[in-house]
>>> print(open('query26.cif').read())   # mmCIF, C-alpha atoms
data_model
loop_
_atom_site.label_atom_id
_atom_site.label_comp_id
_atom_site.auth_asym_id
_atom_site.auth_seq_id
_atom_site.Cartn_x
_atom_site.Cartn_y
_atom_site.Cartn_z
CA MET A 1 0.00 0.00 0.00
CA LEU A 2 1.06 3.55 -0.70
CA THR A 3 0.66 5.79 2.34
CA LEU A 4 0.76 9.57 2.00
CA TYR A 5 0.07 11.71 5.06
CA GLY A 6 -1.70 8.85 6.80
CA LYS A 7 -3.95 7.97 3.86
CA SER A 8 -3.47 4.61 2.15
CA PHE A 9 -3.88 3.86 -1.54
CA THR A 10 -3.74 0.70 -3.61
CA SER A 11 -2.63 2.44 -6.80
CA ARG A 12 0.84 3.95 -7.05
CA LEU A 13 -0.15 6.17 -9.96
CA LEU A 14 -1.22 9.77 -9.45
CA LEU A 15 -2.73 11.19 -12.62
CA GLY A 16 -2.99 14.73 -13.96
CA THR A 17 -6.23 15.93 -15.49
CA ALA A 18 -4.96 18.40 -18.12
CA GLN A 19 -4.37 18.29 -21.87
CA TYR A 20 -6.71 15.42 -22.79
CA PRO A 21 -8.43 15.50 -26.19
CA SER A 22 -11.81 15.80 -24.43
CA PRO A 23 -13.30 15.77 -20.93
CA GLU A 24 -14.71 12.32 -21.61
CA SER A 25 -11.30 10.94 -22.59
CA MET A 26 -9.86 12.34 -19.34
CA LYS A 27 -12.56 10.58 -17.38
CA GLN A 28 -12.09 7.27 -19.18
CA ALA A 29 -8.30 7.45 -18.92
CA ALA A 30 -8.45 8.21 -15.21
CA LYS A 31 -10.73 5.23 -14.66
CA ALA A 32 -8.52 2.95 -16.77
CA SER A 33 -5.41 4.06 -14.87
CA GLY A 34 -6.82 2.94 -11.54
CA ALA A 35 -5.50 6.17 -10.03
CA GLU A 36 -7.02 7.08 -6.68
CA ILE A 37 -5.49 10.56 -6.63
CA VAL A 38 -5.85 13.12 -9.43
CA THR A 39 -4.17 16.50 -9.63
CA VAL A 40 -6.16 19.65 -10.29
CA SER A 41 -5.51 23.36 -10.41
CA LEU A 42 -7.50 26.54 -9.90
CA ARG A 43 -7.88 29.41 -12.31
CA ARG A 44 -9.90 32.59 -12.63
CA GLU A 45 -13.53 31.78 -13.40
CA SER A 46 -15.40 33.66 -16.10
CA ALA A 47 -19.07 34.40 -15.45
CA ARG A 48 -19.75 33.75 -19.13
CA ALA A 49 -17.91 30.47 -19.61
CA LEU A 50 -18.22 28.89 -16.14
CA ALA A 51 -15.53 26.47 -17.33
CA GLY A 52 -14.66 25.23 -13.89
CA GLN A 53 -18.12 24.01 -13.00
CA GLY A 54 -18.38 21.33 -15.68
CA PHE A 55 -14.85 20.19 -14.93
CA TRP A 56 -15.63 19.84 -11.25
CA THR A 57 -18.69 17.70 -12.01
CA LEU A 58 -16.40 15.32 -13.94
CA ILE A 59 -13.92 15.15 -11.07
CA GLU A 60 -16.65 14.43 -8.56
CA GLU A 61 -17.89 11.59 -10.75
CA LEU A 62 -14.43 10.03 -10.67
CA GLY A 63 -14.57 9.77 -6.89
CA CYS A 64 -10.79 10.23 -6.56
CA ARG A 65 -8.98 12.21 -3.92
CA VAL A 66 -7.90 15.55 -5.41
CA LEU A 67 -4.43 16.98 -5.08
CA PRO A 68 -4.53 20.69 -5.97
CA ASN A 69 -1.38 22.25 -7.37
CA THR A 70 0.13 25.72 -7.33
CA ALA A 71 1.22 25.50 -10.98
CA GLY A 72 2.40 28.76 -12.50
CA CYS A 73 3.53 30.32 -9.23
CA ARG A 74 6.93 32.00 -9.43
CA THR A 75 7.43 33.06 -5.83
CA ALA A 76 6.79 31.65 -2.37
CA LYS A 77 4.27 34.44 -1.78
CA GLU A 78 2.24 33.53 -4.87
CA ALA A 79 2.35 29.83 -4.01
CA ILE A 80 1.22 30.43 -0.43
CA ALA A 81 -1.70 32.60 -1.58
CA THR A 82 -2.68 30.02 -4.21
CA ALA A 83 -2.51 27.23 -1.61
CA HIS A 84 -4.91 29.17 0.59
CA MET A 85 -7.32 29.53 -2.32
CA ALA A 86 -6.97 25.81 -3.09
CA ARG A 87 -7.75 24.82 0.49
CA GLU A 88 -10.87 26.95 0.45
CA LEU A 89 -11.94 25.69 -2.98
CA PHE A 90 -11.23 21.97 -2.64
CA GLY A 91 -11.60 21.51 1.10
CA THR A 92 -8.30 19.67 1.49
CA ASN A 93 -5.08 20.40 3.36
CA TRP A 94 -3.12 18.59 0.66
CA ILE A 95 -1.18 20.81 -1.71
CA LYS A 96 1.16 19.92 -4.55
CA LEU A 97 3.53 22.79 -4.01
CA GLU A 98 5.12 24.17 -7.16
CA VAL A 99 7.34 27.24 -7.21
CA ILE A 100 8.75 27.52 -10.70
CA ALA A 101 12.12 29.11 -11.49
CA ASN A 102 12.34 29.17 -15.24
CA ASP A 103 9.84 29.06 -18.11
CA ASP A 104 12.05 26.93 -20.34
CA THR A 105 12.86 24.18 -17.85
CA LEU A 106 9.94 24.69 -15.46
CA GLN A 107 12.44 23.64 -12.81
CA PRO A 108 11.52 24.05 -9.15
CA GLU A 109 12.80 27.25 -7.51
CA LEU A 110 14.15 25.45 -4.48
CA PHE A 111 14.68 28.43 -2.18
CA GLY A 112 11.12 29.67 -2.66
CA LEU A 113 9.86 26.10 -2.43
CA VAL A 114 11.43 25.56 0.99
CA GLU A 115 10.19 28.94 2.21
CA ALA A 116 6.62 28.26 1.05
CA ALA A 117 6.64 24.68 2.39
CA ALA A 118 7.70 25.84 5.84
CA ALA A 119 5.02 28.53 5.94
CA LEU A 120 2.27 26.23 4.73
CA ALA A 121 3.19 23.36 7.07
CA THR A 122 2.93 25.78 9.99
CA GLU A 123 -0.59 26.60 8.82
CA GLY A 124 -1.64 22.95 8.83
CA PHE A 125 -1.15 22.15 5.16
CA GLU A 126 0.13 18.71 4.16
CA VAL A 127 2.65 19.68 1.56
CA LEU A 128 3.74 17.51 -1.37
CA PRO A 129 6.56 19.59 -2.85
CA PHE A 130 7.58 19.30 -6.50
CA THR A 131 11.33 19.32 -6.15
CA THR A 132 14.49 18.19 -7.90
CA GLU A 133 16.77 15.28 -6.97
CA ASP A 134 18.89 17.68 -4.88
CA LEU A 135 19.74 16.11 -1.54
CA SER A 136 20.15 19.29 0.46
CA ALA A 137 16.85 20.67 -0.80
CA ALA A 138 15.23 17.40 0.28
CA GLU A 139 16.75 17.78 3.74
CA ARG A 140 15.43 21.33 4.01
CA LEU A 141 11.96 20.28 2.88
CA ILE A 142 11.84 17.47 5.43
CA ALA A 143 13.03 19.89 8.11
CA ALA A 144 10.12 22.10 7.01
CA ARG A 145 7.86 19.13 7.91
CA CYS A 146 7.18 17.81 4.43
CA ALA A 147 6.36 14.13 4.95
CA VAL A 148 6.32 13.38 1.20
CA LEU A 149 8.73 14.56 -1.49
CA MET A 150 8.07 14.65 -5.22
CA PRO A 151 11.37 14.81 -7.13
CA TRP A 152 11.32 15.22 -10.88
CA ALA A 153 12.65 12.63 -13.30
CA ALA A 154 13.06 15.29 -15.98
CA PRO A 155 11.44 18.64 -16.83
CA ILE A 156 7.63 18.75 -16.95
CA GLY A 157 6.27 17.50 -20.27
CA SER A 158 9.72 16.51 -21.58
CA ALA A 159 9.15 12.73 -21.62
CA ARG A 160 12.86 12.14 -21.08
CA GLY A 161 12.64 9.70 -18.20
CA LEU A 162 15.10 9.44 -15.32
CA ILE A 163 17.83 11.86 -16.37
CA ASN A 164 19.86 11.75 -13.18
CA ARG A 165 19.64 8.14 -12.03
CA GLY A 166 22.61 8.32 -9.68
CA ALA A 167 21.23 11.23 -7.70
CA LEU A 168 17.77 9.71 -7.60
CA ARG A 169 19.24 6.47 -6.24
CA THR A 170 21.09 8.47 -3.59
CA LEU A 171 17.90 10.31 -2.65
CA ARG A 172 16.05 7.01 -2.31
CA ALA A 173 18.81 5.49 -0.22
CA TYR A 174 19.19 8.57 1.94
CA PHE A 175 15.50 8.85 2.86
CA PRO A 176 14.28 5.26 3.11
CA ASP A 177 11.25 6.17 5.22
CA ILE A 178 9.96 9.22 3.32
CA PRO A 179 7.46 8.47 0.55
CA LEU A 180 9.08 9.64 -2.69
CA VAL A 181 6.82 10.26 -5.69
CA ILE A 182 8.49 10.75 -9.05
CA ASP A 183 6.72 13.76 -10.52
CA ALA A 184 7.31 14.99 -14.08
CA GLY A 185 9.40 13.86 -17.01
CA ILE A 186 8.00 10.34 -17.28
CA GLY A 187 7.30 9.68 -20.95
CA THR A 188 6.88 5.93 -21.27
CA PRO A 189 5.59 3.10 -19.13
CA SER A 190 9.15 1.69 -19.02
CA HIS A 191 10.35 4.94 -17.38
CA ALA A 192 7.73 4.43 -14.70
CA THR A 193 8.71 0.79 -14.21
CA GLU A 194 12.35 1.76 -13.82
CA ALA A 195 11.57 4.36 -11.15
CA ILE A 196 9.38 1.98 -9.17
CA GLU A 197 11.95 -0.82 -9.50
CA MET A 198 14.45 1.59 -7.94
CA GLY A 199 12.21 1.82 -4.91
CA PHE A 200 10.31 5.04 -5.55
CA ASP A 201 6.89 4.84 -4.01
CA ALA A 202 4.70 6.26 -6.74
CA ILE A 203 4.56 8.11 -10.07
CA LEU A 204 2.75 11.34 -10.83
CA LEU A 205 2.27 11.94 -14.54
CA ASN A 206 -0.05 13.69 -16.92
CA THR A 207 1.22 14.46 -20.41
CA ALA A 208 2.36 10.94 -21.31
CA VAL A 209 -1.22 9.70 -20.93
CA ALA A 210 -3.09 12.80 -22.06
CA LYS A 211 -1.08 13.24 -25.26
CA ALA A 212 -0.95 9.56 -26.21
CA GLY A 213 -2.74 8.54 -29.39
CA ASP A 214 -5.07 6.52 -27.18
CA PRO A 215 -5.06 7.93 -23.63
CA VAL A 216 -7.18 5.11 -22.23
CA LYS A 217 -4.85 2.42 -23.54
CA MET A 218 -1.80 4.36 -22.33
CA ALA A 219 -3.37 4.74 -18.90
CA GLN A 220 -3.73 0.96 -18.74
CA ALA A 221 -0.13 0.55 -19.88
CA PHE A 222 1.13 2.81 -17.08
CA ALA A 223 -1.00 1.06 -14.50
CA ARG A 224 0.50 -2.32 -15.46
CA ALA A 225 4.03 -0.92 -15.78
CA ILE A 226 3.88 0.50 -12.27
CA GLU A 227 2.43 -2.71 -10.90
CA ALA A 228 5.23 -4.67 -12.60
CA GLY A 229 7.86 -2.32 -11.21
CA ARG A 230 6.51 -2.67 -7.71
CA LEU A 231 6.38 -6.48 -7.91
CA ALA A 232 9.98 -6.46 -9.11
CA PHE A 233 11.07 -4.15 -6.31
CA GLU A 234 9.38 -6.31 -3.70
CA ALA A 235 10.83 -9.46 -5.27
CA GLY A 236 14.36 -8.05 -5.12
CA LEU A 237 16.39 -7.36 -8.25
CA MET A 238 19.55 -9.32 -9.00
CA GLU A 239 22.83 -7.42 -8.91
CA PRO A 240 24.24 -6.57 -12.32
CA ARG A 241 27.73 -7.84 -13.13
CA ASP A 242 30.31 -7.09 -15.78
CA MET A 243 31.11 -10.64 -16.88
CA ALA A 244 28.81 -13.35 -18.19
CA SER A 245 27.62 -16.10 -15.90
CA PRO A 246 26.05 -19.19 -17.49
CA SER A 247 22.50 -19.91 -16.45
CA THR A 248 22.53 -23.46 -17.88
CA PRO A 249 24.46 -25.95 -15.73
CA VAL A 250 28.02 -26.42 -16.92
CA ALA A 251 28.46 -29.83 -15.34
CA GLY A 252 27.50 -32.64 -17.69
CA THR A 253 27.89 -30.67 -20.90
CA PRO A 254 28.13 -33.33 -23.68
CA PHE A 255 31.30 -33.60 -25.76
CA PHE A 256 33.08 -31.65 -22.98
CA LYS A 257 36.88 -31.94 -23.10
CA ILE A 258 39.13 -30.46 -20.46
CA GLU A 259 41.54 -28.91 -23.01
CA ARG A 260 38.77 -26.54 -24.21
CA VAL A 261 38.77 -24.77 -20.86
CA SER A 262 40.65 -21.44 -21.13
CA MET B 1 -18.13 51.76 -8.29
CA LYS B 2 -15.21 50.31 -10.13
CA ILE B 3 -13.35 47.32 -8.86
CA LEU B 4 -10.74 45.02 -10.35
CA LEU B 5 -12.35 41.64 -10.98
CA ASN B 6 -9.95 38.85 -11.90
CA GLY B 7 -7.45 41.43 -13.10
CA GLU B 8 -9.89 43.45 -15.24
CA ALA B 9 -11.75 46.69 -14.54
CA PHE B 10 -15.36 45.99 -13.61
CA ALA B 11 -18.25 48.27 -12.71
CA THR B 12 -20.69 47.06 -10.06
CA ASP B 13 -23.05 48.39 -7.45
CA ALA B 14 -22.89 45.19 -5.40
CA LYS B 15 -22.29 46.12 -1.78
CA THR B 16 -20.91 42.82 -0.58
CA LEU B 17 -18.77 40.04 -2.04
CA ASP B 18 -21.71 37.67 -1.71
CA GLU B 19 -23.90 40.01 -3.75
CA LEU B 20 -21.23 40.34 -6.42
CA CYS B 21 -20.90 36.56 -6.71
CA ALA B 22 -24.67 36.13 -6.98
CA ARG B 23 -24.96 38.78 -9.71
CA LEU B 24 -22.22 37.06 -11.68
CA GLY B 25 -24.17 33.79 -11.55
CA PHE B 26 -21.87 32.13 -9.01
CA ALA B 27 -24.50 31.70 -6.27
CA ASP B 28 -24.28 27.89 -6.34
CA ALA B 29 -20.95 27.59 -8.14
CA LYS B 30 -17.83 25.88 -6.86
CA ILE B 31 -15.61 28.91 -6.40
CA ALA B 32 -13.13 30.45 -3.99
CA THR B 33 -12.75 34.16 -3.48
CA ALA B 34 -10.13 36.64 -2.35
CA VAL B 35 -10.26 40.39 -1.81
CA ASN B 36 -7.06 42.39 -1.91
CA GLY B 37 -5.02 39.22 -1.57
CA ASN B 38 -6.89 37.77 1.38
CA VAL B 39 -8.91 34.58 0.94
CA ILE B 40 -12.53 35.12 1.93
CA ALA B 41 -14.30 31.93 3.00
CA ALA B 42 -17.74 31.30 1.52
CA VAL B 43 -19.42 31.91 4.88
CA ALA B 44 -17.71 35.30 5.20
CA ARG B 45 -18.70 36.69 1.78
CA SER B 46 -21.97 38.28 2.94
CA ALA B 47 -20.11 40.19 5.66
CA THR B 48 -17.39 41.35 3.29
CA GLN B 49 -18.14 44.90 2.14
CA LEU B 50 -16.76 45.97 -1.22
CA ALA B 51 -15.04 49.31 -1.72
CA PRO B 52 -13.94 51.13 -4.86
CA ALA B 53 -10.66 49.79 -6.32
CA ASP B 54 -10.94 46.52 -4.41
CA GLU B 55 -9.13 43.70 -6.15
CA VAL B 56 -11.43 40.69 -6.25
CA GLU B 57 -10.35 37.25 -7.37
CA ILE B 58 -12.88 34.51 -8.13
CA VAL B 59 -11.40 31.14 -9.00
CA ALA B 60 -12.77 27.70 -9.83
CA PRO B 61 -11.41 24.18 -10.32
CA ARG B 62 -9.46 23.61 -13.50
CA GLN B 63 -7.46 20.84 -15.15
CA GLY B 64 -3.99 20.44 -13.68
CA GLY B 65 -0.92 18.26 -13.78
#
>>> encode(input="query26.cif", output="C-alpha cells")
Amino acid sequence: MLTLYGKSFTSRLLLGTAQYPSPESMKQAAKASGAEIVTVSLRRESARALAGQGFWTLIEELGCRVLPNTAGCRTAKEAIATAHMARELFGTNWIKLEVIANDDTLQPELFGLVEAAAALATEGFEVLPFTTEDLSAAERLIAARCAVLMPWAAPIGSARGLINRGALRTLRAYFPDIPLVIDAGIGTPSHATEAIEMGFDAILLNTAVAKAGDPVKMAQAFARAIEAGRLAFEAGLMEPRDMASPSTPVAGTPFFKIERVS
Amino acid sequence: MKILLNGEAFATDAKTLDELCARLGFADAKIATAVNGNVIAAVARSATQLAPADEVEIVAPRQGG
C-alpha cells in the first residue's frame, strides 16, 4: 500500500487531469489508470464560460482524492496565496507545491519552495513539494515538515525519463522512510517501471497519458508498468555484473573436453 | 463603483462580495474568493463589504498536472 500523510492507496499512480483531447477521454483514462489521486488546479472563473463548474462535475464523478497544485507560481508568496485559495476551494489540506524558477525548464525554484513549504506546514497544510533530486533541498523540505517529497525525473512534459539516475538512487537510499513520488518527465511506461523498481513509491504523470494517441490504452499501460515495477522491487532485483555467468548448468555438458577450458 | 475583478476593470453596485458573486451567476458555483489578496471563505462573503478599487479574485477548479 502507498501511504501519504496517513492515507493509504492501492494504486501507485497519481494522474494529472490536463491536456486530454476531451473531458470524456480524461474521465475514461483516469478510470482505466486505476488512479485514486488526481491533480487539479485553480484558475480565474469567467461568469460567461463557467468552465470550472463542468470540470468539477467530472472530477466528482471520478470519486478520486484531489491533489490541488500551485502550478504557474513563481514566488513563495504567490504559491502560499494560491494554496490558501486551493484549500478553500477543494476543502483539502493537501497541496502539490510548485514554485517555478524558469519558463524553459519549469524547474523548481528550491529556495522559494522551501520557504513556502515551511510557511504552509505551519498553517496545517500537508505539503507535497515538486522538487528536484537535490539532496540538500530534500533535507530542508523534510526539516520544514514535508512528509512526502516529489522529485522530478526530468522537466515537466519533456518525456525524457530518469535523467539523473545516480542522484535519484542516492535520494532514495538517503530517505528510506519518506514516501518519494516521481513527478514529471515520465514519458513511457518503461520509465515508470524503472523508477518503481528503484524503490520510488509512486509516479505522478499527466502528459504521457493525455497526449498519447489513445489515452485510455496508455493509462492501462502505465497502470501495469507500475504494478510490474513494484512487484519487481518487492521481489528483489539481481545485482548486475560485468562478466557473463552461465545460467545453464556447466556440469554434464556433452562432448566436454578439459583442453577446451581457457 | 469600479473594482478590479480577476485582473480586469469591472463596474458594479454590489455592496458585498456575496452580492457580487450572486450577480455574476456564481450563487451555487464551486468557487473560492479573495479580496485584496486575502482569501474570503464562503461563509464570510456576505459580511465582506466591497469598496472602490478593491481587487477581487474569483477562481474555480481547472485541469492540472
>>> closest_atom_pairs(input="query26.cif", of="chain A", to="chain B", cutoff="10 Å", atoms="all atoms listed in the file", output="tab-separated table")
residue	atom	partner	partner_atom	distance
A:Leu14	CA	B:Gly65	CA	9.5
A:Leu15	CA	B:Gly65	CA	7.4
A:Gly16	CA	B:Gly65	CA	4.1
A:Thr17	CA	B:Gln63	CA	5.1
A:Ala18	CA	B:Gln63	CA	4.6
A:Gln19	CA	B:Gln63	CA	7.8
A:Tyr20	CA	B:Gln63	CA	9.4
A:Pro23	CA	B:Gln63	CA	9.7
A:Met26	CA	B:Gln63	CA	9.8
A:Val38	CA	B:Gly65	CA	8.3
A:Thr39	CA	B:Gly65	CA	5.6
A:Val40	CA	B:Gly64	CA	4.1
A:Ser41	CA	B:Gly64	CA	4.6
A:Leu42	CA	B:Pro61	CA	4.6
A:Arg43	CA	B:Val59	CA	5.1
A:Arg44	CA	B:Val59	CA	4.2
A:Glu45	CA	B:Val59	CA	4.9
A:Ser46	CA	B:Ile58	CA	8.4
A:Ala47	CA	B:Leu24	CA	5.6
A:Arg48	CA	B:Leu24	CA	8.5
A:Leu50	CA	B:Ala60	CA	8.4
A:Ala51	CA	B:Arg62	CA	7.7
A:Gly52	CA	B:Pro61	CA	4.9
A:Gln53	CA	B:Lys30	CA	6.4
A:Gly54	CA	B:Pro61	CA	9.2
A:Phe55	CA	B:Arg62	CA	6.5
A:Trp56	CA	B:Pro61	CA	6.1
A:Thr57	CA	B:Lys30	CA	9.7
A:Ile59	CA	B:Pro61	CA	9.4
A:Leu67	CA	B:Gly64	CA	9.3
A:Pro68	CA	B:Gly64	CA	7.7
A:Asn69	CA	B:Gly64	CA	7.1
A:Thr70	CA	B:Gly64	CA	9.2
A:Ala71	CA	B:Gly64	CA	7.7
A:Glu78	CA	B:Gly37	CA	9.8
A:Ala81	CA	B:Gly37	CA	7.4
A:Thr82	CA	B:Val39	CA	9.3
A:His84	CA	B:Val39	CA	6.7
A:Met85	CA	B:Ala32	CA	6.1
A:Ala86	CA	B:Ala32	CA	7.8
A:Arg87	CA	B:Ala32	CA	9.0
A:Glu88	CA	B:Ala32	CA	6.1
A:Leu89	CA	B:Ala32	CA	5.0
A:Phe90	CA	B:Pro61	CA	8.0
A:Lys96	CA	B:Gly65	CA	9.6
A:Ile156	CA	B:Gly65	CA	9.1
A:Gly157	CA	B:Gly65	CA	9.7
A:Asp183	CA	B:Gly65	CA	9.4
A:Ala184	CA	B:Gly65	CA	8.9
A:Leu204	CA	B:Gly65	CA	8.4
A:Leu205	CA	B:Gly65	CA	7.1
A:Asn206	CA	B:Gly65	CA	5.6
A:Thr207	CA	B:Gly65	CA	7.9
>>> write_last_selection(input="query26.cif", atoms="C-alpha atoms", output="compact mmCIF listing (two decimals), keeping the file's coordinate frame")
# COMPACT_ATOMS: atom_id res chain seq x y z
CA LEU A 14 -1.22 9.77 -9.45
CA LEU A 15 -2.73 11.19 -12.62
CA GLY A 16 -2.99 14.73 -13.96
CA THR A 17 -6.23 15.93 -15.49
CA ALA A 18 -4.96 18.40 -18.12
CA GLN A 19 -4.37 18.29 -21.87
CA TYR A 20 -6.71 15.42 -22.79
CA PRO A 23 -13.30 15.77 -20.93
CA MET A 26 -9.86 12.34 -19.34
CA VAL A 38 -5.85 13.12 -9.43
CA THR A 39 -4.17 16.50 -9.63
CA VAL A 40 -6.16 19.65 -10.29
CA SER A 41 -5.51 23.36 -10.41
CA LEU A 42 -7.50 26.54 -9.90
CA ARG A 43 -7.88 29.41 -12.31
CA ARG A 44 -9.90 32.59 -12.63
CA GLU A 45 -13.53 31.78 -13.40
CA SER A 46 -15.40 33.66 -16.10
CA ALA A 47 -19.07 34.40 -15.45
CA ARG A 48 -19.75 33.75 -19.13
CA LEU A 50 -18.22 28.89 -16.14
CA ALA A 51 -15.53 26.47 -17.33
CA GLY A 52 -14.66 25.23 -13.89
CA GLN A 53 -18.12 24.01 -13.00
CA GLY A 54 -18.38 21.33 -15.68
CA PHE A 55 -14.85 20.19 -14.93
CA TRP A 56 -15.63 19.84 -11.25
CA THR A 57 -18.69 17.70 -12.01
CA ILE A 59 -13.92 15.15 -11.07
CA LEU A 67 -4.43 16.98 -5.08
CA PRO A 68 -4.53 20.69 -5.97
CA ASN A 69 -1.38 22.25 -7.37
CA THR A 70 0.13 25.72 -7.33
CA ALA A 71 1.22 25.50 -10.98
CA GLU A 78 2.24 33.53 -4.87
CA ALA A 81 -1.70 32.60 -1.58
CA THR A 82 -2.68 30.02 -4.21
CA HIS A 84 -4.91 29.17 0.59
CA MET A 85 -7.32 29.53 -2.32
CA ALA A 86 -6.97 25.81 -3.09
CA ARG A 87 -7.75 24.82 0.49
CA GLU A 88 -10.87 26.95 0.45
CA LEU A 89 -11.94 25.69 -2.98
CA PHE A 90 -11.23 21.97 -2.64
CA LYS A 96 1.16 19.92 -4.55
CA ILE A 156 7.63 18.75 -16.95
CA GLY A 157 6.27 17.50 -20.27
CA ASP A 183 6.72 13.76 -10.52
CA ALA A 184 7.31 14.99 -14.08
CA LEU A 204 2.75 11.34 -10.83
CA LEU A 205 2.27 11.94 -14.54
CA ASN A 206 -0.05 13.69 -16.92
CA THR A 207 1.22 14.46 -20.41
>>> resolve_selection(input="query26.cif", expression="the PyMOL selection byres ((chain A and resi 175) around 10)", output="mmCIF file with C-alpha atoms, keeping the file's coordinate frame")
data_model
loop_
_atom_site.group_PDB
_atom_site.id
_atom_site.type_symbol
_atom_site.label_atom_id
_atom_site.label_comp_id
_atom_site.auth_asym_id
_atom_site.auth_seq_id
_atom_site.Cartn_x
_atom_site.Cartn_y
_atom_site.Cartn_z
ATOM 1 C CA LEU A 135 19.740 16.110 -1.540
ATOM 2 C CA ALA A 138 15.230 17.400 0.280
ATOM 3 C CA GLU A 139 16.750 17.780 3.740
ATOM 4 C CA ILE A 142 11.840 17.470 5.430
ATOM 5 C CA LEU A 149 8.730 14.560 -1.490
ATOM 6 C CA THR A 170 21.090 8.470 -3.590
ATOM 7 C CA LEU A 171 17.900 10.310 -2.650
ATOM 8 C CA ARG A 172 16.050 7.010 -2.310
ATOM 9 C CA ALA A 173 18.810 5.490 -0.220
ATOM 10 C CA TYR A 174 19.190 8.570 1.940
ATOM 11 C CA PRO A 176 14.280 5.260 3.110
ATOM 12 C CA ASP A 177 11.250 6.170 5.220
ATOM 13 C CA ILE A 178 9.960 9.220 3.320
ATOM 14 C CA PRO A 179 7.460 8.470 0.550
ATOM 15 C CA LEU A 180 9.080 9.640 -2.690
#
>>> resolve_selection(input="query26.cif", expression="the PyMOL selection byres ((chain A and resi 134) around 12)", output="PyMOL selection string")
chain A and resi 107-111+130-133+135-141+149-153+164-172+174
>>> atom_distance(input="query26.cif", atom1="CA of Glu197 in chain A", atom2="CA of Gly236 in chain A")
8.8 Å
>>> resolve_selection(input="query26.cif", expression="the PyMOL selection byres ((chain A and resi 199) around 8)", output="list of chain:residue names")
A:Arg172, A:Ala195, A:Ile196, A:Glu197, A:Met198, A:Phe200, A:Asp201, A:Arg230, A:Phe233
>>> atom_distance(input="query26.cif", atom1="CA of Asn93 in chain A", atom2="CA of Gly124 in chain A")
6.9 Å
>>> closest_residue(input="query26.cif", among="B:Met1, B:Ala27, B:Ala44, B:Val56", to="Lys15 in chain B", atoms="all atoms listed in the file")
B:Met1
>>> atom_distance(input="query26.cif", atom1="CA of Ile182 in chain A", atom2="CA of Leu58 in chain A")
25.8 Å
>>> closest_residue(input="query26.cif", among="B:Asp54, B:Asp13, B:Glu8, B:Glu19", to="Val35 in chain B", atoms="only C-alpha atoms")
B:Asp54
